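Asks: File target27.cif follows (mmCIF, C-alpha atoms and all ligand atoms):
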data_protein
#
loop_
_atom_site.label_atom_id
_atom_site.label_comp_id
_atom_site.auth_asym_id
_atom_site.auth_seq_id
_atom_site.Cartn_x
_atom_site.Cartn_y
_atom_site.Cartn_z
CA LYS Q 595 0.00 0.00 0.00
CA VAL Q 596 2.80 2.35 0.98
CA VAL Q 597 4.65 1.43 -2.20
CA GLY Q 598 1.54 2.13 -4.22
CA ARG Q 599 1.18 5.59 -2.63
CA LEU Q 600 4.84 6.36 -3.25
CA GLU Q 601 4.49 5.29 -6.88
CA GLN Q 602 1.49 7.59 -7.19
CA GLN Q 603 3.45 10.48 -5.68
CA ILE Q 604 6.37 9.83 -8.03
CA ASN Q 605 3.95 9.84 -10.92
CA ASP Q 606 2.43 13.12 -9.77
CA LEU Q 607 5.88 14.63 -9.35
CA GLN Q 608 6.91 13.54 -12.85
CA ILE Q 609 3.82 15.14 -14.27
CA GLN Q 610 4.58 18.31 -12.25
CA ILE Q 611 8.18 18.33 -13.56
CA GLN Q 612 7.00 17.91 -17.13
CA LEU Q 613 4.51 20.72 -16.67
CA THR Q 614 7.11 23.02 -15.11
CA GLN Q 615 9.58 22.22 -17.90
CA HIS Q 616 6.92 22.94 -20.47
CA GLN Q 617 6.13 26.29 -18.80
CA LYS Q 618 9.85 27.09 -18.53
CA GLY Q 619 10.29 26.34 -22.23
CA HIS Q 620 7.33 28.56 -23.01
CA ILE Q 621 8.68 31.49 -20.97
CA GLU Q 622 12.14 31.03 -22.51
CA ALA Q 623 10.64 31.02 -25.99
CA ILE Q 624 8.90 34.32 -25.22
CA ILE Q 625 12.07 35.90 -23.84
CA TYR Q 626 14.11 34.58 -26.79
CA SER Q 627 11.74 36.11 -29.28
CA ILE Q 628 11.98 39.61 -27.76
CA HIS Q 629 13.83 41.97 -30.08
CA ASP Q 630 15.41 43.86 -27.16
CA ALA Q 631 18.32 42.29 -25.31
CA VAL Q 632 17.18 40.63 -22.05
CA ILE Q 633 19.66 39.41 -19.47
CA VAL Q 634 18.92 37.92 -16.02
CA ILE Q 635 21.55 37.41 -13.30
CA ASP Q 636 21.36 35.94 -9.78
CA GLU Q 637 22.42 37.50 -6.49
CA PHE Q 638 26.06 36.49 -7.17
CA ASP Q 639 26.09 38.21 -10.57
CA ARG Q 640 25.99 34.85 -12.36
CA LEU Q 641 24.10 34.56 -15.60
CA LEU Q 642 20.71 32.88 -15.25
CA MET Q 643 19.29 33.63 -18.63
CA ALA Q 644 20.00 35.75 -21.70
CA ASN Q 645 18.21 35.90 -25.00
CA GLU Q 646 19.80 35.82 -28.43
CA ALA Q 647 19.73 39.60 -28.78
CA ALA Q 648 21.76 39.87 -25.54
CA GLY Q 649 24.20 37.21 -26.80
CA ARG Q 650 24.67 39.21 -30.00
CA LEU Q 651 25.11 42.48 -28.15
CA PHE Q 652 27.62 41.15 -25.61
CA ASN Q 653 29.30 38.61 -27.89
CA PHE Q 654 28.61 35.38 -25.98
CA ASN Q 655 26.65 32.29 -26.72
CA SER Q 656 23.56 32.64 -24.56
CA SER Q 657 22.90 28.87 -24.39
CA ASP Q 658 26.32 27.67 -23.20
CA SER Q 659 27.14 30.44 -20.76
CA PRO Q 660 24.79 29.85 -17.79
CA GLN Q 661 26.17 30.27 -14.29
CA LYS Q 662 29.18 32.24 -15.53
CA ARG Q 663 29.74 35.59 -13.84
CA VAL Q 664 28.70 38.49 -16.03
CA SER Q 665 32.08 40.15 -15.56
CA GLU Q 666 33.67 37.10 -17.28
CA LEU Q 667 31.14 37.13 -20.09
CA ILE Q 668 30.96 40.79 -20.89
CA ASP Q 669 34.13 42.52 -22.05
CA GLU Q 670 35.65 45.40 -20.12
CA GLY Q 671 34.55 48.00 -22.63
CA LYS Q 672 31.02 47.47 -21.35
CA SER Q 673 31.87 47.70 -17.65
CA GLU Q 674 29.49 50.64 -17.22
CA PHE Q 675 26.64 48.20 -17.79
CA ILE Q 676 28.01 45.62 -15.30
CA ASP Q 677 28.42 48.36 -12.66
CA PHE Q 678 24.87 49.48 -13.34
CA LEU Q 679 23.57 45.91 -12.83
CA ARG Q 680 25.52 45.52 -9.57
CA HIS Q 681 24.51 48.89 -8.27
CA SER Q 682 20.80 48.23 -8.96
CA ARG Q 683 21.01 44.87 -7.19
CA GLN Q 684 22.85 46.23 -4.17
CA SER Q 685 20.70 49.32 -3.78
CA LYS Q 686 17.52 47.18 -4.16
CA ALA Q 687 16.27 50.04 -6.27
CA GLN Q 688 12.94 50.13 -8.03
CA PRO Q 689 13.33 49.74 -11.79
CA THR Q 690 16.12 52.09 -12.79
CA ARG Q 691 16.90 53.41 -16.19
CA LYS Q 692 20.08 54.58 -17.82
CA GLU Q 693 21.26 55.41 -21.32
CA ILE Q 694 24.47 53.54 -22.05
CA GLU Q 695 26.65 53.73 -25.14
CA PHE Q 696 28.34 50.60 -26.50
CA SER Q 697 30.55 50.34 -29.52
CA LYS Q 698 29.37 47.51 -31.69
CA ASP Q 699 30.79 46.60 -35.11
CA GLU Q 700 32.84 49.79 -34.96
CA GLU Q 701 29.68 51.84 -34.51
CA LEU Q 702 28.65 53.68 -31.39
CA LYS Q 703 25.19 52.54 -30.32
CA THR Q 704 23.01 53.93 -27.57
CA TYR Q 705 20.83 51.64 -25.46
CA ASP Q 706 18.11 52.51 -23.03
CA CYS Q 707 18.74 50.03 -20.17
CA ILE Q 708 16.05 49.27 -17.63
CA VAL Q 709 17.08 47.12 -14.68
CA SER Q 710 14.63 45.66 -12.15
CA CYS Q 711 15.33 43.57 -9.03
CA ILE Q 712 13.83 40.09 -8.68
CA TYR Q 713 12.57 39.25 -5.19
CA ASN Q 714 12.11 35.82 -3.57
CA GLU Q 715 9.25 34.94 -1.21
CA GLY Q 716 11.18 36.39 1.73
CA ARG Q 717 11.32 39.78 -0.10
CA GLN Q 718 15.09 39.31 -0.57
CA VAL Q 719 16.69 40.39 -3.83
CA CYS Q 720 17.68 37.17 -5.60
CA GLY Q 721 18.73 38.65 -8.93
CA VAL Q 722 18.13 41.35 -11.48
CA VAL Q 723 16.68 41.47 -14.95
CA ALA Q 724 17.94 43.99 -17.50
CA VAL Q 725 16.27 44.97 -20.77
CA LEU Q 726 18.33 46.92 -23.30
CA HIS Q 727 16.51 48.76 -26.05
CA ASP Q 728 18.49 50.16 -29.00
CA ILE Q 729 17.69 53.89 -29.29
CA THR Q 730 20.57 54.83 -31.60
CA ARG Q 731 18.26 55.95 -34.40
CA GLU Q 732 16.02 58.01 -32.13
CA LYS Q 733 19.10 59.70 -30.68
CA GLN Q 734 20.42 60.47 -34.16
CA ILE Q 735 17.07 61.97 -35.20
CA GLN Q 736 17.00 64.03 -32.01
CA GLN Q 737 20.54 65.23 -32.68
CA THR Q 738 19.73 66.13 -36.29
CA LYS Q 739 16.68 68.07 -35.11
CA ASN Q 740 18.70 69.94 -32.49
CA ASP Q 741 21.39 70.77 -35.04
CA PHE Q 742 18.73 71.96 -37.46
CA VAL Q 743 17.05 74.21 -34.88
CA ASN Q 744 20.43 75.59 -33.80
CA HIS Q 745 21.41 76.24 -37.38
CA VAL Q 746 18.11 77.94 -38.24
CA CYS Q 747 18.35 80.17 -35.15
CA HIS Q 748 21.90 81.05 -36.04
CA GLU Q 749 20.92 81.89 -39.63
CA LEU Q 750 18.00 84.04 -38.43
CA LYS Q 751 20.33 86.15 -36.30
CA THR Q 752 22.19 87.79 -39.19
CA PRO Q 753 19.22 89.34 -41.02
CA LEU Q 754 17.60 90.25 -37.69
CA ALA Q 755 20.76 92.03 -36.54
CA SER Q 756 20.84 93.92 -39.80
CA ILE Q 757 17.16 94.92 -39.55
CA SER Q 758 17.57 96.22 -36.01
CA ALA Q 759 20.81 98.07 -36.81
CA TYR Q 760 19.34 99.86 -39.84
CA SER Q 761 16.04 100.69 -38.16
CA GLU Q 762 17.94 102.06 -35.16
CA MET Q 763 19.99 104.28 -37.46
CA LEU Q 764 16.78 105.54 -39.06
CA ILE Q 765 15.21 106.25 -35.66
CA ASP Q 766 18.35 108.05 -34.47
CA GLY Q 767 18.19 110.24 -37.57
CA GLU Q 768 21.50 109.00 -38.94
CA ALA Q 769 20.12 108.97 -42.46
CA ASP Q 770 19.68 112.66 -43.12
CA ASP Q 771 19.05 112.73 -46.85
CA GLU Q 772 16.24 110.97 -48.66
CA GLN Q 773 18.59 108.84 -50.74
CA THR Q 774 20.29 107.33 -47.65
CA GLN Q 775 16.92 106.74 -46.02
CA LYS Q 776 15.80 104.87 -49.12
CA GLU Q 777 18.95 102.73 -49.03
CA PHE Q 778 18.34 101.86 -45.38
CA TYR Q 779 14.71 100.95 -46.07
CA ALA Q 780 15.84 98.75 -48.96
CA VAL Q 781 18.28 96.90 -46.71
CA ILE Q 782 15.54 96.34 -44.13
CA GLN Q 783 13.17 95.09 -46.81
CA SER Q 784 15.67 92.69 -48.36
CA GLN Q 785 16.70 91.31 -44.96
CA ALA Q 786 13.03 90.85 -44.02
CA GLN Q 787 12.54 88.92 -47.27
CA ARG Q 788 15.55 86.79 -46.43
CA LEU Q 789 14.06 86.07 -43.00
CA ASN Q 790 10.83 85.10 -44.66
CA ARG Q 791 12.58 82.72 -47.09
CA LEU Q 792 14.57 81.13 -44.29
CA ILE Q 793 11.46 80.55 -42.21
CA GLU Q 794 9.42 79.26 -45.16
CA ASP Q 795 12.14 76.89 -46.37
CA SER Q 796 12.91 75.63 -42.86
CA LEU Q 797 9.24 75.00 -42.18
CA ASN Q 798 8.77 73.19 -45.48
CA ILE Q 799 11.82 71.00 -44.94
CA SER Q 800 10.86 70.08 -41.41
CA ARG Q 801 7.25 69.39 -42.46
CA ILE Q 802 8.47 67.02 -45.17
CA GLU Q 803 10.97 65.35 -42.86
CA SER Q 804 8.38 64.77 -40.18
CA GLY Q 805 5.86 63.54 -42.75
CA LEU Q 806 3.37 66.23 -41.67
CA ILE Q 807 3.03 67.95 -45.02
CA LYS Q 808 -0.19 67.54 -46.94
CA VAL Q 809 0.62 66.13 -50.35
CA ASN Q 810 -1.93 66.55 -53.08
CA LYS Q 811 -0.86 64.35 -56.00
CA GLU Q 812 -2.58 64.40 -59.37
CA PRO Q 813 -1.54 63.83 -63.00
CA VAL Q 814 0.24 66.97 -64.17
CA SER Q 815 2.26 67.85 -67.22
CA LEU Q 816 5.85 68.84 -66.47
CA THR Q 817 5.81 71.08 -69.56
CA ILE Q 818 2.83 73.05 -68.29
CA LEU Q 819 4.40 73.51 -64.85
CA LEU Q 820 7.67 74.52 -66.48
CA GLU Q 821 6.00 77.08 -68.74
CA GLU Q 822 4.28 78.70 -65.75
CA GLN Q 823 7.56 79.02 -63.87
CA LEU Q 824 9.44 80.24 -66.94
CA ARG Q 825 7.02 83.15 -67.19
CA MET Q 826 7.76 84.02 -63.56
CA ILE Q 827 11.53 83.93 -63.96
CA LYS Q 828 11.67 85.71 -67.35
CA SER Q 829 11.99 89.26 -66.05
CA TYR Q 830 14.71 88.25 -63.57
CA ALA Q 831 16.69 86.67 -66.43
CA GLU Q 832 16.17 89.74 -68.66
CA GLU Q 833 17.32 91.99 -65.83
CA LYS Q 834 20.56 90.02 -65.71
CA ASN Q 835 20.81 89.79 -69.51
CA ILE Q 836 20.62 86.03 -69.49
CA CYS Q 837 19.09 84.17 -72.39
CA LEU Q 838 16.46 81.58 -71.41
CA LYS Q 839 16.05 78.71 -73.87
CA ASP Q 840 13.33 76.13 -73.52
CA ILE Q 841 14.29 73.29 -75.82
CA GLY Q 842 11.82 70.70 -74.64
CA GLN Q 843 9.13 69.83 -77.13
CA SER Q 844 5.69 70.28 -75.76
CA ARG Q 845 4.37 66.81 -75.05
CA ILE Q 846 1.70 67.94 -72.61
CA VAL Q 847 -0.10 64.63 -72.68
CA PHE Q 848 2.92 62.33 -72.62
CA ASP Q 849 5.00 63.95 -69.91
CA GLN Q 850 2.39 63.43 -67.23
CA VAL Q 851 3.78 62.78 -63.81
CA TYR Q 852 1.71 61.97 -60.76
CA ALA Q 853 2.76 64.82 -58.52
CA ASP Q 854 1.88 67.67 -56.21
CA LYS Q 855 1.69 70.72 -58.49
CA ASP Q 856 2.76 73.31 -55.93
CA MET Q 857 5.68 71.26 -54.74
CA ILE Q 858 7.03 70.53 -58.23
CA SER Q 859 6.55 74.20 -59.18
CA GLN Q 860 8.65 75.08 -56.14
CA VAL Q 861 11.33 72.63 -57.31
CA ILE Q 862 11.36 74.11 -60.82
CA VAL Q 863 11.50 77.69 -59.57
CA ASN Q 864 14.37 76.85 -57.21
CA LEU Q 865 16.39 75.27 -60.04
CA LEU Q 866 15.61 78.06 -62.52
CA SER Q 867 16.37 80.86 -60.08
CA ASN Q 868 19.64 79.20 -59.02
CA ALA Q 869 20.67 78.87 -62.66
CA VAL Q 870 19.99 82.57 -63.27
CA LYS Q 871 21.46 83.55 -59.90
CA TYR Q 872 24.76 81.76 -60.42
CA THR Q 873 25.21 82.71 -64.10
CA PRO Q 874 26.96 85.99 -64.85
CA SER Q 875 25.38 88.51 -67.19
CA GLY Q 876 25.51 87.51 -70.86
CA GLY Q 877 25.25 83.79 -70.15
CA SER Q 878 22.45 81.41 -70.95
CA VAL Q 879 20.12 78.96 -69.23
CA LYS Q 880 18.73 76.08 -71.25
CA ILE Q 881 15.83 73.93 -70.10
CA GLU Q 882 15.31 70.45 -71.45
CA THR Q 883 12.38 68.14 -70.80
CA GLU Q 884 12.49 64.52 -71.90
CA VAL Q 885 10.31 61.51 -71.55
CA ASP Q 886 11.84 58.05 -71.46
CA GLU Q 887 9.02 55.59 -71.79
CA THR Q 888 11.34 52.59 -71.69
CA VAL Q 889 12.05 53.29 -68.02
CA ASN Q 890 8.86 55.26 -67.42
CA ILE Q 891 10.35 58.55 -66.37
CA ALA Q 892 10.09 62.22 -67.22
CA ARG Q 893 13.27 64.25 -66.88
CA LEU Q 894 13.82 67.99 -66.54
CA SER Q 895 17.31 69.47 -66.83
CA VAL Q 896 18.37 73.05 -66.26
CA ILE Q 897 21.69 73.71 -67.98
CA ASP Q 898 23.50 76.97 -67.30
CA THR Q 899 26.73 78.57 -68.43
CA GLY Q 900 27.39 79.91 -64.95
CA VAL Q 901 30.15 79.86 -62.36
CA GLY Q 902 29.93 76.11 -61.76
CA ILE Q 903 30.82 74.19 -58.62
CA PRO Q 904 34.23 72.83 -57.59
CA GLU Q 905 34.34 69.04 -57.98
CA SER Q 906 35.08 68.48 -54.30
CA GLU Q 907 31.87 70.25 -53.29
CA ILE Q 908 29.38 68.80 -55.76
CA ASP Q 909 28.31 66.02 -53.42
CA ASN Q 910 27.42 68.53 -50.70
CA VAL Q 911 25.21 70.99 -52.55
CA PHE Q 912 21.99 69.19 -51.62
CA ASP Q 913 22.86 69.30 -47.90
CA LYS Q 914 20.96 71.64 -45.62
CA PHE Q 915 22.54 75.10 -45.34
CA TYR Q 916 25.41 74.13 -47.65
CA ARG Q 917 26.65 77.04 -49.72
CA VAL Q 918 29.64 76.86 -52.01
CA SER Q 919 31.95 79.47 -50.52
CA THR Q 920 33.50 80.52 -53.83
CA ASN Q 921 30.00 81.25 -55.21
CA ASN Q 922 28.79 83.25 -52.19
CA ARG Q 923 29.64 86.61 -53.66
CA GLN Q 924 27.59 85.77 -56.77
CA ALA Q 925 24.30 85.85 -54.89
CA LYS Q 926 22.63 85.79 -51.52
CA GLY Q 927 20.97 82.63 -50.38
CA THR Q 928 19.99 80.38 -47.54
CA GLY Q 929 21.54 77.07 -48.59
CA LEU Q 930 18.13 75.44 -48.16
CA GLY Q 931 16.74 75.63 -51.70
CA LEU Q 932 18.45 72.53 -53.09
CA ASN Q 933 17.75 70.50 -49.96
CA LEU Q 934 14.08 71.29 -50.40
CA VAL Q 935 14.36 70.21 -54.06
CA LYS Q 936 15.88 66.88 -53.02
CA GLN Q 937 13.33 66.24 -50.28
CA ILE Q 938 10.39 67.03 -52.58
CA ILE Q 939 11.68 64.91 -55.47
CA GLU Q 940 13.12 61.95 -53.60
CA LYS Q 941 11.17 61.76 -50.37
CA VAL Q 942 7.73 62.88 -51.50
CA HIS Q 943 7.72 61.72 -55.14
CA ASP Q 944 10.10 58.74 -55.29
CA GLY Q 945 12.12 60.49 -57.98
CA ARG Q 946 15.79 61.32 -58.29
CA VAL Q 947 17.78 64.55 -58.44
CA PHE Q 948 21.03 64.90 -60.35
CA VAL Q 949 23.80 67.45 -60.82
CA SER Q 950 26.92 67.78 -62.88
CA SER Q 951 29.12 70.82 -63.00
CA LYS Q 952 32.44 72.20 -64.20
CA GLN Q 953 33.84 75.13 -62.34
CA GLY Q 954 33.92 78.23 -64.52
CA LEU Q 955 31.90 76.56 -67.29
CA GLY Q 956 28.46 75.87 -65.87
CA SER Q 957 26.17 73.38 -64.17
CA THR Q 958 23.31 71.06 -64.96
CA PHE Q 959 20.74 70.47 -62.25
CA GLY Q 960 17.67 68.36 -62.78
CA PHE Q 961 15.34 65.66 -61.67
CA GLU Q 962 13.53 62.56 -62.85
CA LEU Q 963 10.02 61.63 -61.85
CA PRO Q 964 8.13 58.42 -62.56
CA LEU Q 965 5.56 58.89 -65.31
CA ALA Q 966 1.94 58.83 -64.23
CA ALA Q 967 0.36 55.44 -64.74
CA GLN Q 968 -1.42 54.88 -68.06
CA ARG Q 969 -4.76 55.00 -66.24
CA HIS Q 970 -4.05 58.52 -64.91
CA ARG Q 971 -2.87 59.71 -68.31
CA GLU Q 972 -6.01 58.55 -70.06
CA LYS Q 973 -8.08 60.46 -67.53
CA GLN Q 974 -6.06 63.59 -68.26
CA ILE Q 975 -6.36 63.16 -72.06
CA ILE Q 976 -10.12 63.10 -71.69
CA ASN Q 977 -9.93 66.30 -69.66
CA TYR Q 978 -7.99 68.05 -72.41
CA GLN Q 979 -10.45 67.16 -75.14
P1 LIG Q 1001 21.28 79.13 -51.96
O1 LIG Q 1001 20.12 79.75 -51.27
O2 LIG Q 1001 22.58 79.43 -51.31
O3 LIG Q 1001 21.29 79.41 -53.43
P2 LIG Q 1001 20.76 76.34 -52.57
O4 LIG Q 1001 20.46 75.25 -51.63
O5 LIG Q 1001 19.77 76.65 -53.61
O6 LIG Q 1001 21.09 77.59 -51.68
O7 LIG Q 1001 22.13 75.97 -53.27
C1 LIG Q 1001 23.23 75.57 -52.50
C2 LIG Q 1001 24.54 76.05 -53.11
O8 LIG Q 1001 24.79 75.37 -54.32
C3 LIG Q 1001 24.50 77.52 -53.48
O9 LIG Q 1001 24.91 78.33 -52.39
C4 LIG Q 1001 25.48 77.60 -54.64
O10 LIG Q 1001 26.78 77.80 -54.15
C5 LIG Q 1001 25.40 76.23 -55.26
N1 LIG Q 1001 24.56 76.26 -56.50
C6 LIG Q 1001 23.25 75.96 -56.60
N2 LIG Q 1001 22.84 76.05 -57.89
C7 LIG Q 1001 23.92 76.43 -58.61
C8 LIG Q 1001 24.15 76.68 -59.99
N3 LIG Q 1001 23.18 76.58 -60.91
N4 LIG Q 1001 25.41 77.04 -60.36
C9 LIG Q 1001 26.41 77.14 -59.44
N5 LIG Q 1001 26.26 76.91 -58.13
C10 LIG Q 1001 25.03 76.55 -57.71
#
If you convert what's in this file into structure tokens, what do you get?
Ligand code: ADP

Replies:
Amino acid sequence: KVVGRLEQQINDLQIQIQLTQHQKGHIEAIIYSIHDAVIVIDEFDRLLMANEAAGRLFNFNSSDSPQKRVSELIDEGKSEFIDFLRHSRQSKAQPTRKEIEFSKDEELKTYDCIVSCIYNEGRQVCGVVAVLHDITREKQIQQTKNDFVNHVCHELKTPLASISAYSEMLIDGEADDEQTQKEFYAVIQSQAQRLNRLIEDSLNISRIESGLIKVNKEPVSLTILLEEQLRMIKSYAEEKNICLKDIGQSRIVFDQVYADKDMISQVIVNLLSNAVKYTPSGGSVKIETEVDETVNIARLSVIDTGVGIPESEIDNVFDKFYRVSTNNRQAKGTGLGLNLVKQIIEKVHDGRVFVSSKQGLGSTFGFELPLAAQRHREKQIINYQ
């Protein structure tokens, strides 16, 4: 009878063990599938459990390292993390959080580490669990935003300083004749316009970057948009004695792109005004539109005979606030126009911008946009008839 009861108890225990093992396996599977690195240590800093992400981060094999002390497993370069684990365990702190930087694959990565104590039934700390979440990208975005805001504020200072200096001189009566007064007013006006451009461009860029801009795409003809903008720029070109040549053939129906009209008009005006701006009097600006149906794109190129860009700087001209120093005396600017062009074409419209230039000879700036789908074009043809 006693033997029978013992057998029954053994049976029950085996079932219990199987169940516990099954549950353990289940919990491990969950922890292993977490994308963040999870690492659990006991009260003697020995490894109890670590998922694959932790193994990858700390360079150890998570399955054959149990019971090893974390200081043996994790290399010295990451000692800040080990100290943080120890400190959290010893201070029995509530979940604590710290941003720690690790270099991984020769790249500096930032992790948000949250460490919590594990308590036994007697409310004693018997280990700690740490979760490390990679926030490198968020940090980079934050940094880019801070740099952008700093840069914008810095750029706003110059025209503002000029406006206040000239208005002060006017108030103090330092401009005694009408001609000088007019000059001062003109400076104030042009600096106010510069402020306006800076603010507008910065707002547009940050709206596009944050994805907050409202995009209104429809089938539009590049030629029509170009013609509108050419009319706007004509007087500026005449003023500078620059010959504008539009050598694209009007293919209104066939150069349909699916795009936001206002945005593409902004792109065209930025390219045209740059071409006129950076071309000395007597030069020419040629505009070419092409359609390549084999790859389904429409292309617009603005070719000028202007000052050009040094080879070493070509790759930078689409960067925010980048201005080619040797061209600065040619014209005023914000260094934001081409960045806006790139963002509108590549980010909003899945197109591509291009540039080629020879210093002293001229530059070609342009973009390619995917042609509107056949369906959209047919709709537009009907509208024209
Ligand atoms: P900006 O307001 O300074 O004109 P952009 O972003 O439009 O700013 O252009 C960035 C820089 O690229 C300009 O400062 C200028 O030096 C150079 N650049 C742009 N377009 C041309 C061009 N057509 N010819 C020569 N340089 C150009």

Asks: Which residues form the shell of 6 Å around ligand LIG 1001 (chain Q) when you count all atoms listed in the file, given as an MDAnalysis selection string?

Replies: chainID Q and resid 868:869 872 900:903 911 916:918 921 927:933 957

Asks: Selected residues, C-alpha atoms, written as a tab-separated table (two decimals), keeping the file's coordinate frame, please.

Replies:
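Written out: selection13.tsv:
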chain	number	residue	atom	x	y	z
Q	868	ASN	CA	19.64	79.20	-59.02
Q	869	ALA	CA	20.67	78.87	-62.66
Q	872	TYR	CA	24.76	81.76	-60.42
Q	900	GLY	CA	27.39	79.91	-64.95
Q	901	VAL	CA	30.15	79.86	-62.36
Q	902	GLY	CA	29.93	76.11	-61.76
Q	903	ILE	CA	30.82	74.19	-58.62
Q	911	VAL	CA	25.21	70.99	-52.55
Q	916	TYR	CA	25.41	74.13	-47.65
Q	917	ARG	CA	26.65	77.04	-49.72
Q	918	VAL	CA	29.64	76.86	-52.01
Q	921	ASN	CA	30.00	81.25	-55.21
Q	927	GLY	CA	20.97	82.63	-50.38
Q	928	THR	CA	19.99	80.38	-47.54
Q	929	GLY	CA	21.54	77.07	-48.59
Q	930	LEU	CA	18.13	75.44	-48.16
Q	931	GLY	CA	16.74	75.63	-51.70
Q	932	LEU	CA	18.45	72.53	-53.09
Q	933	ASN	CA	17.75	70.50	-49.96
Q	957	SER	CA	26.17	73.38	-64.17

Asks: Which residues, written as a list in words, have at least one atom at most 10 Å from Tyr713 (chain Q), with all atoms listed in the file counted and residues fewer than 5 positions away on the same chain left out?

Replies: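 Skipping anything fewer than 5 positions along the chain leaves Lys686, Gln718, Val719, Cys720, Gly721 and Val722 of chain Q.
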
Asks: Give me, please, the distance in Å between CA of Met857 (chain Q) and CA of Ile939 (chain Q), quoted to one decimal.

Replies: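 Separation between CA of Met857 (chain Q) and CA of Ile939 (chain Q): 8.8 Å.
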
Asks: Pick from Q:Val725, Q:Ile635, Q:Asn655, Q:Ala853: nearest to Pro689 (chain Q), with only C-alpha atoms counted?

Replies: Q:Val725

Asks: Which polymer residues have any atom within 6 Å of an atom of region 726-738 of chain Q, counting only C-alpha atoms, with same-chain residues fewer than 5 positions away left out, as a PyMOL selection string?

Replies: chain Q and resi 630-631+703-707

Asks: With distances taken over all atoms listed in the file, which residue among Q:Val942, Q:Ile676, Q:Ala925, Q:Ile908 lies nearest Asn810 (chain Q)?

Replies: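 Looking at the shortest contact to Asn810 (chain Q), the residue is Q:Val942.
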
Asks: With distances taken over all atoms listed in the file, which residue among Q:His629, Q:His616, Q:Asp658, Q:Val935 lies nearest Ile802 (chain Q)?

Replies: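 When distances to Ile802 (chain Q) are compared using all atoms listed in the file, the smallest one comes from Q:Val935.
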
Asks: What is the distance, in Å and to one decimal place, between CA of Val870 (chain Q) and CA of Phe948 (chain Q)?

Replies: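 Interatomic distance here is 17.9 Å.
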
Asks: Just give me the gap between CA of Gln602 (chain Q) and CA of Ile621 (chain Q) in Å, one decimal is fine.

Replies: 28.5 Å

Asks: Mind dumping a table of every region 874-903 of chain Q residue within 10 Å of region 819-843 of chain Q, with the nearest atom pair and its distance in Å to one decimal, using all atoms listed in the file, sorted by chain and rising number, as a Markdown table?

Replies:
| residue | atom | partner | partner_atom | distance |
| --- | --- | --- | --- | --- |
| Q:Pro874 | CA | Q:Lys834 | CA | 7.6 |
| Q:Ser875 | CA | Q:Lys834 | CA | 5.3 |
| Q:Gly876 | CA | Q:Ile836 | CA | 5.3 |
| Q:Gly877 | CA | Q:Ile836 | CA | 5.2 |
| Q:Ser878 | CA | Q:Cys837 | CA | 4.6 |
| Q:Val879 | CA | Q:Leu838 | CA | 5.0 |
| Q:Lys880 | CA | Q:Lys839 | CA | 4.6 |
| Q:Ile881 | CA | Q:Asp840 | CA | 4.8 |
| Q:Glu882 | CA | Q:Gly842 | CA | 4.7 |
| Q:Thr883 | CA | Q:Gly842 | CA | 4.6 |
| Q:Glu884 | CA | Q:Gly842 | CA | 6.8 |
| Q:Val885 | CA | Q:Gly842 | CA | 9.8 |
| Q:Leu894 | CA | Q:Gly842 | CA | 8.8 |
| Q:Ser895 | CA | Q:Gly842 | CA | 9.6 |
| Q:Val896 | CA | Q:Asp840 | CA | 9.4 |
| Q:Ile897 | CA | Q:Lys839 | CA | 9.6 |
| Q:Asp898 | CA | Q:Leu838 | CA | 9.4 |
| Q:Thr899 | CA | Q:Ile836 | CA | 9.7 |

Asks: Tell me which protein, DNA and RNA residues are within 8 Å of region 758-769 of chain Q, counting all atoms listed in the file, leaving out same-chain ones fewer than 2 positions away, and put them as a list in words.

Replies: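 Listing them by chain and then by number gives Leu754, Ala755, Ser756, Asp771, Glu772, Thr774, Gln775, Phe778, Tyr779, Val781 and Ile782 of chain Q.
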
Asks: Pick out the closest residue to Arg680 (chain Q) from this set: Q:Ser710, Q:Asn910, Q:Ser697, Q:Thr873. Count only C-alpha atoms.

Replies: Q:Ser710

Asks: Can you work out which one of Q:Lys936, Q:Asp856, Q:Asn790, Q:Gln924 has the shortest atom-to-atom distance to Lys808 (chain Q), counting only C-alpha atoms?

Replies: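 Of the candidates, the smallest distance to Lys808 (chain Q) is held by Q:Asp856.
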